[in-house]
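**Student:** Below is the file entry_3.cif, with mmCIF, C-alpha atoms.
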data_query
#
loop_
_atom_site.group_PDB
_atom_site.id
_atom_site.type_symbol
_atom_site.label_atom_id
_atom_site.label_comp_id
_atom_site.auth_asym_id
_atom_site.auth_seq_id
_atom_site.Cartn_x
_atom_site.Cartn_y
_atom_site.Cartn_z
ATOM 1 C CA MET A 24 -17.874 -43.541 42.207
ATOM 2 C CA LYS A 25 -14.904 -41.784 40.621
ATOM 3 C CA THR A 26 -16.548 -38.871 38.789
ATOM 4 C CA CYS A 27 -15.296 -36.440 36.167
ATOM 5 C CA PHE A 28 -17.152 -33.175 35.548
ATOM 6 C CA LEU A 29 -17.412 -32.185 31.867
ATOM 7 C CA PHE A 30 -18.191 -28.534 31.103
ATOM 8 C CA PRO A 31 -19.816 -27.714 27.732
ATOM 9 C CA GLY A 32 -18.747 -24.839 25.517
ATOM 10 C CA GLN A 33 -20.154 -22.237 23.189
ATOM 11 C CA GLY A 34 -23.217 -23.363 21.248
ATOM 12 C CA ALA A 35 -25.053 -25.084 24.115
ATOM 13 C CA GLN A 36 -26.419 -21.827 25.559
ATOM 14 C CA PHE A 37 -30.106 -20.966 25.867
ATOM 15 C CA PRO A 38 -32.094 -18.201 27.607
ATOM 16 C CA GLY A 39 -32.876 -19.096 31.203
ATOM 17 C CA MET A 40 -30.066 -21.618 31.654
ATOM 18 C CA ALA A 41 -29.131 -22.267 35.299
ATOM 19 C CA LYS A 42 -32.202 -20.382 36.550
ATOM 20 C CA ASP A 43 -33.392 -23.450 38.464
ATOM 21 C CA PHE A 44 -30.044 -23.673 40.261
ATOM 22 C CA TYR A 45 -30.147 -19.930 41.002
ATOM 23 C CA GLU A 46 -33.628 -20.049 42.486
ATOM 24 C CA THR A 47 -32.936 -22.992 44.788
ATOM 25 C CA SER A 48 -29.420 -22.311 46.075
ATOM 26 C CA LYS A 49 -28.046 -19.340 47.970
ATOM 27 C CA ALA A 50 -24.532 -20.490 47.099
ATOM 28 C CA VAL A 51 -25.392 -20.267 43.401
ATOM 29 C CA ARG A 52 -26.876 -16.794 43.891
ATOM 30 C CA ASP A 53 -23.631 -15.749 45.573
ATOM 31 C CA LEU A 54 -21.744 -17.296 42.641
ATOM 32 C CA PHE A 55 -23.720 -15.154 40.192
ATOM 33 C CA GLN A 56 -22.911 -12.044 42.210
ATOM 34 C CA SER A 57 -19.207 -12.879 42.172
ATOM 35 C CA ALA A 58 -19.366 -13.468 38.420
ATOM 36 C CA SER A 59 -21.156 -10.155 37.886
ATOM 37 C CA ASP A 60 -18.569 -8.307 39.950
ATOM 38 C CA ALA A 61 -15.632 -9.942 38.162
ATOM 39 C CA ALA A 62 -17.050 -9.488 34.652
ATOM 40 C CA SER A 63 -18.530 -6.021 35.298
ATOM 41 C CA MET A 64 -21.921 -7.053 33.932
ATOM 42 C CA ASP A 65 -25.224 -8.310 35.333
ATOM 43 C CA LEU A 66 -25.009 -12.076 34.784
ATOM 44 C CA LYS A 67 -28.472 -12.738 36.210
ATOM 45 C CA LYS A 68 -29.964 -10.402 33.619
ATOM 46 C CA LEU A 69 -27.791 -11.804 30.826
ATOM 47 C CA LEU A 70 -28.686 -15.457 31.475
ATOM 48 C CA PHE A 71 -32.337 -15.077 32.413
ATOM 49 C CA GLU A 72 -33.606 -12.084 30.420
ATOM 50 C CA SER A 73 -31.586 -12.065 27.176
ATOM 51 C CA ASP A 74 -32.927 -13.374 23.883
ATOM 52 C CA GLU A 75 -31.107 -16.002 21.830
ATOM 53 C CA GLU A 76 -29.431 -13.454 19.562
ATOM 54 C CA THR A 77 -27.930 -11.556 22.504
ATOM 55 C CA LEU A 78 -26.677 -14.775 24.075
ATOM 56 C CA ARG A 79 -25.170 -15.852 20.741
ATOM 57 C CA GLN A 80 -22.735 -12.928 20.718
ATOM 58 C CA THR A 81 -19.353 -14.339 21.698
ATOM 59 C CA LYS A 82 -18.658 -11.585 24.219
ATOM 60 C CA ASN A 83 -21.843 -12.679 26.029
ATOM 61 C CA THR A 84 -21.883 -16.402 25.288
ATOM 62 C CA GLN A 85 -18.580 -17.267 26.899
ATOM 63 C CA ILE A 86 -19.150 -15.588 30.258
ATOM 64 C CA ALA A 87 -22.732 -16.882 30.306
ATOM 65 C CA MET A 88 -21.649 -20.468 29.639
ATOM 66 C CA VAL A 89 -18.980 -20.574 32.327
ATOM 67 C CA THR A 90 -21.392 -19.056 34.849
ATOM 68 C CA ALA A 91 -23.996 -21.708 34.043
ATOM 69 C CA GLY A 92 -21.360 -24.453 34.153
ATOM 70 C CA ALA A 93 -19.977 -23.310 37.498
ATOM 71 C CA ALA A 94 -23.535 -23.142 38.873
ATOM 72 C CA ALA A 95 -24.269 -26.709 37.731
ATOM 73 C CA ALA A 96 -21.033 -27.986 39.285
ATOM 74 C CA LEU A 97 -21.720 -26.194 42.562
ATOM 75 C CA SER A 98 -25.226 -27.667 42.671
ATOM 76 C CA ALA A 99 -23.844 -31.146 41.971
ATOM 77 C CA LYS A 100 -21.499 -30.782 44.926
ATOM 78 C CA GLU A 101 -24.391 -29.565 47.094
ATOM 79 C CA HIS A 102 -26.101 -32.846 46.190
ATOM 80 C CA GLY A 103 -23.108 -34.796 47.477
ATOM 81 C CA ILE A 104 -21.248 -35.429 44.215
ATOM 82 C CA LYS A 105 -17.523 -34.765 44.545
ATOM 83 C CA PRO A 106 -15.456 -34.737 41.340
ATOM 84 C CA ALA A 107 -12.092 -36.479 41.045
ATOM 85 C CA GLY A 108 -11.493 -34.938 37.618
ATOM 86 C CA ALA A 109 -12.584 -32.098 35.348
ATOM 87 C CA ALA A 110 -12.465 -31.244 31.667
ATOM 88 C CA GLY A 111 -14.218 -28.710 29.486
ATOM 89 C CA PHE A 112 -14.869 -28.133 25.818
ATOM 90 C CA SER A 113 -13.356 -24.869 24.528
ATOM 91 C CA VAL A 114 -14.494 -22.104 26.911
ATOM 92 C CA GLY A 115 -15.816 -24.909 29.129
ATOM 93 C CA GLU A 116 -12.210 -25.614 30.071
ATOM 94 C CA TRP A 117 -12.288 -22.502 32.240
ATOM 95 C CA PRO A 118 -14.759 -23.742 34.865
ATOM 96 C CA ALA A 119 -12.772 -26.989 34.769
ATOM 97 C CA LEU A 120 -9.649 -24.997 35.686
ATOM 98 C CA ALA A 121 -11.527 -23.434 38.592
ATOM 99 C CA GLU A 122 -12.981 -26.785 39.678
ATOM 100 C CA ALA A 123 -9.453 -28.217 39.779
ATOM 101 C CA GLY A 124 -8.277 -25.317 41.975
ATOM 102 C CA VAL A 125 -5.880 -23.992 39.333
ATOM 103 C CA ILE A 126 -7.457 -20.527 39.409
ATOM 104 C CA SER A 127 -10.030 -18.866 41.624
ATOM 105 C CA LEU A 128 -13.628 -18.570 40.469
ATOM 106 C CA TYR A 129 -13.276 -14.788 40.532
ATOM 107 C CA ASP A 130 -10.233 -14.901 38.239
ATOM 108 C CA MET A 131 -12.015 -17.400 36.003
ATOM 109 C CA PHE A 132 -14.967 -15.050 35.504
ATOM 110 C CA ARG A 133 -12.670 -12.059 35.013
ATOM 111 C CA LEU A 134 -10.498 -13.794 32.429
ATOM 112 C CA VAL A 135 -13.369 -15.335 30.480
ATOM 113 C CA ALA A 136 -15.040 -11.934 30.163
ATOM 114 C CA GLU A 137 -11.820 -10.688 28.508
ATOM 115 C CA ARG A 138 -11.497 -13.846 26.410
ATOM 116 C CA GLY A 139 -14.979 -13.461 24.981
ATOM 117 C CA ARG A 140 -14.468 -9.780 24.222
ATOM 118 C CA LEU A 141 -11.125 -10.336 22.513
ATOM 119 C CA MET A 142 -12.299 -13.288 20.429
ATOM 120 C CA ASP A 143 -15.409 -11.376 19.382
ATOM 121 C CA GLU A 144 -13.254 -8.444 18.255
ATOM 122 C CA ALA A 145 -10.796 -10.740 16.446
ATOM 123 C CA GLY A 146 -13.657 -12.358 14.572
ATOM 124 C CA ASN A 147 -15.067 -9.002 13.539
ATOM 125 C CA ARG A 148 -11.648 -7.837 12.318
ATOM 126 C CA SER A 149 -10.889 -11.011 10.369
ATOM 127 C CA GLY A 150 -12.690 -9.781 7.258
ATOM 128 C CA GLY A 151 -15.047 -12.721 7.229
ATOM 129 C CA SER A 152 -14.329 -16.013 8.994
ATOM 130 C CA THR A 153 -16.500 -18.869 10.145
ATOM 131 C CA MET A 154 -16.737 -22.568 11.098
ATOM 132 C CA SER A 155 -18.540 -25.654 9.767
ATOM 133 C CA ALA A 156 -19.294 -29.060 11.269
ATOM 134 C CA VAL A 157 -18.353 -32.066 9.138
ATOM 135 C CA LEU A 158 -20.185 -35.334 9.828
ATOM 136 C CA TYR A 159 -19.167 -38.901 9.016
ATOM 137 C CA LEU A 160 -15.812 -38.192 7.444
ATOM 138 C CA SER A 161 -12.582 -39.057 9.243
ATOM 139 C CA SER A 162 -10.255 -36.321 10.438
ATOM 140 C CA GLU A 163 -7.501 -37.790 8.264
ATOM 141 C CA LYS A 164 -9.712 -37.524 5.190
ATOM 142 C CA ILE A 165 -10.744 -33.963 6.065
ATOM 143 C CA GLU A 166 -7.107 -32.938 6.416
ATOM 144 C CA GLN A 167 -6.293 -34.567 3.088
ATOM 145 C CA VAL A 168 -9.162 -32.752 1.322
ATOM 146 C CA ILE A 169 -8.032 -29.400 2.723
ATOM 147 C CA ARG A 170 -4.451 -30.118 1.705
ATOM 148 C CA ASP A 171 -5.338 -31.338 -1.798
ATOM 149 C CA ALA A 172 -7.516 -28.260 -2.376
ATOM 150 C CA GLY A 173 -4.558 -26.014 -1.522
ATOM 151 C CA LEU A 174 -6.503 -24.161 1.156
ATOM 152 C CA LYS A 175 -4.170 -22.081 3.327
ATOM 153 C CA GLN A 176 -6.800 -20.464 5.560
ATOM 154 C CA CYS A 177 -8.777 -23.540 6.635
ATOM 155 C CA TRP A 178 -8.028 -25.943 9.504
ATOM 156 C CA ILE A 179 -9.666 -28.561 11.705
ATOM 157 C CA ALA A 180 -10.622 -26.670 14.855
ATOM 158 C CA ASN A 181 -12.437 -29.374 16.834
ATOM 159 C CA TYR A 182 -11.768 -33.117 16.888
ATOM 160 C CA ASN A 183 -15.158 -33.819 18.452
ATOM 161 C CA SER A 184 -15.809 -37.528 17.907
ATOM 162 C CA PRO A 185 -14.999 -40.337 15.484
ATOM 163 C CA VAL A 186 -17.913 -39.116 13.341
ATOM 164 C CA GLN A 187 -17.657 -35.337 13.759
ATOM 165 C CA CYS A 188 -15.061 -32.615 13.282
ATOM 166 C CA VAL A 189 -15.361 -28.856 12.912
ATOM 167 C CA ILE A 190 -13.354 -26.816 10.415
ATOM 168 C CA SER A 191 -12.420 -23.183 10.909
ATOM 169 C CA GLY A 192 -11.149 -20.516 8.506
ATOM 170 C CA THR A 193 -11.935 -17.651 6.181
ATOM 171 C CA GLU A 194 -15.394 -17.657 4.617
ATOM 172 C CA ALA A 195 -13.832 -18.044 1.154
ATOM 173 C CA ASP A 196 -11.784 -21.119 2.072
ATOM 174 C CA ILE A 197 -14.560 -22.640 4.176
ATOM 175 C CA ALA A 198 -16.989 -22.368 1.241
ATOM 176 C CA ILE A 199 -14.552 -24.248 -1.005
ATOM 177 C CA ALA A 200 -13.817 -26.820 1.708
ATOM 178 C CA GLU A 201 -17.515 -27.468 2.298
ATOM 179 C CA GLU A 202 -18.074 -28.392 -1.346
ATOM 180 C CA LYS A 203 -14.918 -30.505 -1.562
ATOM 181 C CA LEU A 204 -15.821 -32.364 1.645
ATOM 182 C CA ARG A 205 -19.296 -33.180 0.350
ATOM 183 C CA GLN A 206 -17.717 -34.524 -2.824
ATOM 184 C CA ALA A 207 -15.348 -36.610 -0.688
ATOM 185 C CA GLY A 208 -18.253 -38.318 1.069
ATOM 186 C CA ALA A 209 -19.162 -36.220 4.107
ATOM 187 C CA ARG A 210 -22.741 -37.083 5.022
ATOM 188 C CA ARG A 211 -23.452 -33.541 6.190
ATOM 189 C CA VAL A 212 -21.533 -30.252 6.287
ATOM 190 C CA ILE A 213 -23.230 -27.633 8.453
ATOM 191 C CA ARG A 214 -22.221 -23.974 8.639
ATOM 192 C CA LEU A 215 -22.185 -22.837 12.265
ATOM 193 C CA LYS A 216 -23.604 -19.569 13.579
ATOM 194 C CA VAL A 217 -20.387 -18.139 15.032
ATOM 195 C CA SER A 218 -18.656 -14.784 14.799
ATOM 196 C CA GLY A 219 -15.196 -16.031 13.882
ATOM 197 C CA ALA A 220 -12.784 -18.844 13.085
ATOM 198 C CA PHE A 221 -12.223 -20.016 16.651
ATOM 199 C CA HIS A 222 -9.368 -22.377 17.554
ATOM 200 C CA SER A 223 -7.412 -21.379 14.462
ATOM 201 C CA PRO A 224 -4.485 -19.096 13.598
ATOM 202 C CA LEU A 225 -7.023 -16.404 12.639
ATOM 203 C CA MET A 226 -7.453 -15.803 16.385
ATOM 204 C CA GLN A 227 -3.797 -14.773 16.735
ATOM 205 C CA GLU A 228 -4.607 -11.193 17.783
ATOM 206 C CA ALA A 229 -6.932 -12.429 20.517
ATOM 207 C CA TYR A 230 -4.291 -14.910 21.661
ATOM 208 C CA GLU A 231 -1.566 -12.261 21.938
ATOM 209 C CA ALA A 232 -3.775 -9.871 23.905
ATOM 210 C CA PHE A 233 -5.280 -12.540 26.150
ATOM 211 C CA LYS A 234 -1.879 -14.007 26.962
ATOM 212 C CA GLU A 235 -1.021 -10.797 28.834
ATOM 213 C CA PHE A 236 -4.067 -11.173 31.098
ATOM 214 C CA VAL A 237 -3.241 -14.823 31.731
ATOM 215 C CA GLU A 238 0.420 -14.138 32.499
ATOM 216 C CA ALA A 239 -0.583 -11.669 35.218
ATOM 217 C CA THR A 240 -2.794 -14.259 36.967
ATOM 218 C CA ALA A 241 -1.671 -16.872 39.490
ATOM 219 C CA PHE A 242 -2.114 -20.501 38.369
ATOM 220 C CA SER A 243 -1.733 -23.343 40.890
ATOM 221 C CA ASP A 244 -1.123 -27.059 40.362
ATOM 222 C CA PRO A 245 -4.376 -29.011 39.817
ATOM 223 C CA LYS A 246 -5.870 -30.560 42.945
ATOM 224 C CA ILE A 247 -7.822 -33.117 40.915
ATOM 225 C CA SER A 248 -7.214 -34.621 37.481
ATOM 226 C CA LEU A 249 -7.517 -31.936 34.786
ATOM 227 C CA TYR A 250 -7.416 -32.455 31.022
ATOM 228 C CA SER A 251 -6.294 -30.030 28.314
ATOM 229 C CA ASN A 252 -7.934 -29.219 24.981
ATOM 230 C CA VAL A 253 -4.524 -28.359 23.532
ATOM 231 C CA THR A 254 -2.931 -31.778 24.130
ATOM 232 C CA GLY A 255 -5.879 -33.996 25.026
ATOM 233 C CA LYS A 256 -3.798 -35.137 28.010
ATOM 234 C CA LYS A 257 -3.795 -34.624 31.758
ATOM 235 C CA VAL A 258 -2.350 -31.287 32.888
ATOM 236 C CA LEU A 259 0.696 -31.868 35.079
ATOM 237 C CA GLY A 260 1.134 -28.489 36.772
ATOM 238 C CA GLY A 261 0.139 -24.864 37.088
ATOM 239 C CA ALA A 262 2.788 -23.571 34.675
ATOM 240 C CA GLU A 263 1.544 -25.961 32.000
ATOM 241 C CA ALA A 264 -2.067 -24.970 32.671
ATOM 242 C CA LYS A 265 -1.179 -21.303 32.276
ATOM 243 C CA ARG A 266 0.576 -21.904 28.957
ATOM 244 C CA TYR A 267 -2.333 -23.875 27.535
ATOM 245 C CA ALA A 268 -4.933 -21.403 28.803
ATOM 246 C CA SER A 269 -3.969 -18.858 26.181
ATOM 247 C CA LEU A 270 -2.708 -21.305 23.508
ATOM 248 C CA GLN A 271 -6.155 -22.887 23.495
ATOM 249 C CA ILE A 272 -7.527 -19.898 21.548
ATOM 250 C CA ILE A 273 -5.433 -20.721 18.454
ATOM 251 C CA SER A 274 -5.194 -24.516 18.936
ATOM 252 C CA PRO A 275 -7.658 -27.234 17.940
ATOM 253 C CA VAL A 276 -9.814 -28.854 20.621
ATOM 254 C CA ARG A 277 -8.615 -32.464 20.917
ATOM 255 C CA TRP A 278 -11.742 -33.760 22.603
ATOM 256 C CA ILE A 279 -11.433 -37.320 21.301
ATOM 257 C CA ASP A 280 -8.053 -37.624 23.015
ATOM 258 C CA GLU A 281 -9.438 -36.146 26.233
ATOM 259 C CA GLU A 282 -12.255 -38.686 26.271
ATOM 260 C CA SER A 283 -9.739 -41.515 25.741
ATOM 261 C CA ASN A 284 -7.482 -40.320 28.541
ATOM 262 C CA ILE A 285 -10.360 -39.814 30.973
ATOM 263 C CA THR A 286 -11.512 -43.364 30.233
ATOM 264 C CA ALA A 287 -7.963 -44.740 30.635
ATOM 265 C CA ASP A 288 -7.597 -43.031 34.015
ATOM 266 C CA GLY A 289 -10.294 -45.212 35.528
ATOM 267 C CA PHE A 290 -13.257 -42.903 36.004
ATOM 268 C CA ASP A 291 -16.549 -44.636 36.754
ATOM 269 C CA GLN A 292 -18.753 -41.899 35.346
ATOM 270 C CA CYS A 293 -18.805 -38.435 33.792
ATOM 271 C CA LEU A 294 -21.367 -35.723 34.469
ATOM 272 C CA GLU A 295 -22.048 -32.981 31.940
ATOM 273 C CA THR A 296 -22.241 -30.045 34.331
ATOM 274 C CA GLY A 297 -23.713 -27.285 32.202
ATOM 275 C CA PRO A 298 -26.461 -26.544 29.694
ATOM 276 C CA GLY A 299 -27.628 -29.138 27.192
ATOM 277 C CA ASN A 300 -26.322 -32.597 26.352
ATOM 278 C CA VAL A 301 -23.783 -31.967 23.565
ATOM 279 C CA LEU A 302 -20.887 -33.540 25.457
ATOM 280 C CA THR A 303 -23.030 -36.488 26.517
ATOM 281 C CA GLY A 304 -23.734 -37.140 22.833
ATOM 282 C CA LEU A 305 -20.072 -36.865 21.872
ATOM 283 C CA TRP A 306 -19.134 -39.171 24.723
ATOM 284 C CA LYS A 307 -21.576 -41.840 23.565
ATOM 285 C CA ALA A 308 -20.192 -41.554 20.023
ATOM 286 C CA SER A 309 -16.694 -42.215 21.403
ATOM 287 C CA GLY A 310 -17.614 -45.772 22.360
ATOM 288 C CA SER A 311 -16.220 -45.373 25.877
ATOM 289 C CA PRO A 312 -17.527 -47.951 28.377
ATOM 290 C CA VAL A 313 -17.729 -45.167 30.974
ATOM 291 C CA SER A 314 -21.190 -43.620 31.322
ATOM 292 C CA CYS A 315 -21.827 -39.903 30.792
ATOM 293 C CA ILE A 316 -24.970 -38.255 32.152
ATOM 294 C CA ALA A 317 -26.277 -34.747 31.449
ATOM 295 C CA THR A 318 -26.975 -32.954 34.751
ATOM 296 C CA GLY A 319 -27.370 -29.383 33.533
ATOM 297 C CA THR A 320 -30.822 -28.886 35.062
ATOM 298 C CA LEU A 321 -31.982 -29.280 38.634
ATOM 299 C CA ASP A 322 -34.488 -31.978 37.674
ATOM 300 C CA ALA A 323 -31.792 -34.001 35.908
ATOM 301 C CA LEU A 324 -29.396 -33.585 38.822
ATOM 302 C CA VAL A 325 -31.976 -34.590 41.413
ATOM 303 C CA SER A 326 -33.007 -37.623 39.353
ATOM 304 C CA PHE A 327 -29.381 -38.676 39.060
ATOM 305 C CA SER A 328 -28.512 -38.185 42.722
ATOM 306 C CA LEU A 329 -31.525 -40.068 44.118
#
Please re-express this file's structure in structure tokens.

**Tutor:**
Amino acid sequence: MKTCFLFPGQGAQFPGMAKDFYETSKAVRDLFQSASDAASMDLKKLLFESDEETLRQTKNTQIAMVTAGAAAALSAKEHGIKPAGAAGFSVGEWPALAEAGVISLYDMFRLVAERGRLMDEAGNRSGGSTMSAVLYLSSEKIEQVIRDAGLKQCWIANYNSPVQCVISGTEADIAIAEEKLRQAGARRVIRLKVSGAFHSPLMQEAYEAFKEFVEATAFSDPKISLYSNVTGKKVLGGAEAKRYASLQIISPVRWIDEESNITADGFDQCLETGPGNVLTGLWKASGSPVSCIATGTLDALVSFSL
């Protein structure tokens, strides 16, 4: 079976995630130690002992999510599942980069710790920015509503599925957009609990600072198929992967395009290797004939691999 690993992003976290993998695999315990060393924080304590509010802080969420995702992928491989491709949603693209051999796990943990810190700081300095999910309104219609309302600080940040997008911007413009989108027929508009306008130009400061860390890190050509949030397409080489790694912070996540390209490349199945089942839900909404299974817990992984 030609398998693609899908790594979830911020928002899927919960206290205790990946604990089952940690307790049953020495390799995962070693992975946690490497992550702790690279990020200069105790990842075991962060994932297993933190409350929801602590985990929700961007500087903690991002490093926690990639640690949990890497642990799930490692456990899948220990159960005999070898990926031929990898993709990740937002910060989830980082364990995908490591899975594809573009960067080392140590560099992945080190860079994501900086990414989370910088994006957290950029959000705090923005003077009030946020994100909202928009359900059952096309991306074209959302863009038209934003344009017709004359909103200059509001953008689509995530093209999640044919029935869901996420907008990002200043709190003032988002509030106006929310009302206009409801009037235009959106079934639901949900304000997200985030600390900033991620994947938008309001993250420019974080992008500029993070780019320096990325430029100083070696990126190799992918050893398996790897897909980019920035383009929605397959990444062709290490130089391209490096460029997109920092651009991703200020660019929308083109997940619909990634799903289409993964399907077109002949994969037999996708596994959501990380907490929750958000990507499994988005995949089903895409209408792809390829199956997607959530394997973010040991029980789910064992059931799948039997």

**Student:** For Gly111 (chain A), work out the shell of residues within 10 Å, counting all atoms listed in the file and skipping chain neighbours fewer than 4 positions away, then give it as a ChimeraX atom specification.

**Tutor:** /A:28-32,89,92,115-120,249-252,276,278,281,295-297,302

**Student:** Keeping C-alpha atoms, export the residues of the selection given above as a PDB file, keeping the file's coordinate frame.

**Tutor:**
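File produced: result30.pdb:
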ATOM      1  CA  PHE A  28     -17.152 -33.175  35.548  1.00  0.00           C
ATOM      2  CA  LEU A  29     -17.412 -32.185  31.867  1.00  0.00           C
ATOM      3  CA  PHE A  30     -18.191 -28.534  31.103  1.00  0.00           C
ATOM      4  CA  PRO A  31     -19.816 -27.714  27.732  1.00  0.00           C
ATOM      5  CA  GLY A  32     -18.747 -24.839  25.517  1.00  0.00           C
ATOM      6  CA  VAL A  89     -18.980 -20.574  32.327  1.00  0.00           C
ATOM      7  CA  GLY A  92     -21.360 -24.453  34.153  1.00  0.00           C
ATOM      8  CA  GLY A 115     -15.816 -24.909  29.129  1.00  0.00           C
ATOM      9  CA  GLU A 116     -12.210 -25.614  30.071  1.00  0.00           C
ATOM     10  CA  TRP A 117     -12.288 -22.502  32.240  1.00  0.00           C
ATOM     11  CA  PRO A 118     -14.759 -23.742  34.865  1.00  0.00           C
ATOM     12  CA  ALA A 119     -12.772 -26.989  34.769  1.00  0.00           C
ATOM     13  CA  LEU A 120      -9.649 -24.997  35.686  1.00  0.00           C
ATOM     14  CA  LEU A 249      -7.517 -31.936  34.786  1.00  0.00           C
ATOM     15  CA  TYR A 250      -7.416 -32.455  31.022  1.00  0.00           C
ATOM     16  CA  SER A 251      -6.294 -30.030  28.314  1.00  0.00           C
ATOM     17  CA  ASN A 252      -7.934 -29.219  24.981  1.00  0.00           C
ATOM     18  CA  VAL A 276      -9.814 -28.854  20.621  1.00  0.00           C
ATOM     19  CA  TRP A 278     -11.742 -33.760  22.603  1.00  0.00           C
ATOM     20  CA  GLU A 281      -9.438 -36.146  26.233  1.00  0.00           C
ATOM     21  CA  GLU A 295     -22.048 -32.981  31.940  1.00  0.00           C
ATOM     22  CA  THR A 296     -22.241 -30.045  34.331  1.00  0.00           C
ATOM     23  CA  GLY A 297     -23.713 -27.285  32.202  1.00  0.00           C
ATOM     24  CA  LEU A 302     -20.887 -33.540  25.457  1.00  0.00           C
TER      25      LEU A 302
END

**Student:** Excluding Glu122 (chain A) and residues on its chain fewer than 2 positions from it, collect all residues at most 10 Å away from it, counting only C-alpha atoms, and give them as an MDAnalysis selection string.

**Tutor:** chainID A and resid 28 93 96:97 106:110 116:120 124:128 245:249

**Student:** Region 267-278 of chain A, all listed atoms, 8 Å padding on each side: what axis-aligned box centre and edge lengths in Å to one decimal come out, as JSON?

**Tutor:**
{"center_x": -7.0, "center_y": -26.3, "center_z": 23.4, "size_x": 25.4, "size_y": 30.9, "size_z": 26.9}

**Student:** CA of Glu101 (chain A) to CA of Ile316 (chain A): how many Å, to one decimal?

**Tutor:**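 Rounded to one decimal, the two atoms are 17.3 Å apart.
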
**Student:** Using the chain letters and numbering of this document, enumerate as a list of chain:residue names the residues selected by the PyMOL selection byres ((chain A and resi 195) around 10).

**Tutor:**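 Residues picked by the PyMOL selection byres ((chain A and resi 195) around 10): A:Gly151, A:Ser152, A:Thr153, A:Leu174, A:Gln176, A:Cys177, A:Gly192, A:Thr193, A:Glu194, A:Asp196, A:Ile197, A:Ala198, A:Ile199, A:Ala200.
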
**Student:** Pull out every residue that the PyMOL selection byres ((chain A and resi 318) around 9) matches in the shown coordinates and put them as a list in words.

**Tutor:**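 Answer for the PyMOL selection byres ((chain A and resi 318) around 9): Ala95, Ala96, Ala99, Leu294, Glu295, Thr296, Gly297, Pro298, Gly299, Asn300, Ile316, Ala317, Gly319, Thr320, Leu321, Asp322, Ala323, Leu324, Val325, Ser326 and Phe327 of chain A.
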
**Student:** Let me make sure I understand: among A:Ser98, A:Gln36, A:Thr47, A:Thr286, which one has the smallest atom-to-atom distance to Leu70 (chain A) if we use all atoms listed in the file?

**Tutor:** A:Gln36

**Student:** Closest to Val189 (chain A) among A:Glu202, A:Phe44, A:Tyr159, A:Gln167, using all atoms listed in the file?

**Tutor:**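 Of the candidates, the smallest distance to Val189 (chain A) is held by A:Tyr159.
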
**Student:** Work out how far apart CA of Asp60 (chain A) and CA of Val135 (chain A) are and give it in Å to one decimal.

**Tutor:**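 Separation of CA of Asp60 (chain A) and CA of Val135 (chain A): 12.9 Å.
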
**Student:** Evaluated on this file, the PyMOL selection byres ((chain A and resi 205) around 12) picks out some residues - which ones are they, written as a list of chain:residue names?

**Tutor:**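 So the PyMOL selection byres ((chain A and resi 205) around 12), applied here, picks out A:Ala156, A:Val157, A:Leu158, A:Tyr159, A:Leu160, A:Lys164, A:Ile165, A:Val168, A:Ala198, A:Ile199, A:Ala200, A:Glu201, A:Glu202, A:Lys203, A:Leu204, A:Gln206, A:Ala207, A:Gly208, A:Ala209, A:Arg210, A:Arg211, A:Val212, A:Ile213.
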
**Student:** What's around region 263-273 of chain A at 6 Å? Count all atoms listed in the file, leave out sequence neighbours fewer than 2 positions away in its own chain, and write the answer as a list of chain:residue names.

**Tutor:** A:His222, A:Ser223, A:Pro224, A:Met226, A:Tyr230, A:Lys234, A:Val253, A:Gly260, A:Gly261

**Student:** Quick one: pull the distance between CA of Ala62 (chain A) and CA of Tyr129 (chain A), Å, one decimal.

**Tutor:**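 CA of Ala62 (chain A) sits 8.8 Å away from CA of Tyr129 (chain A).
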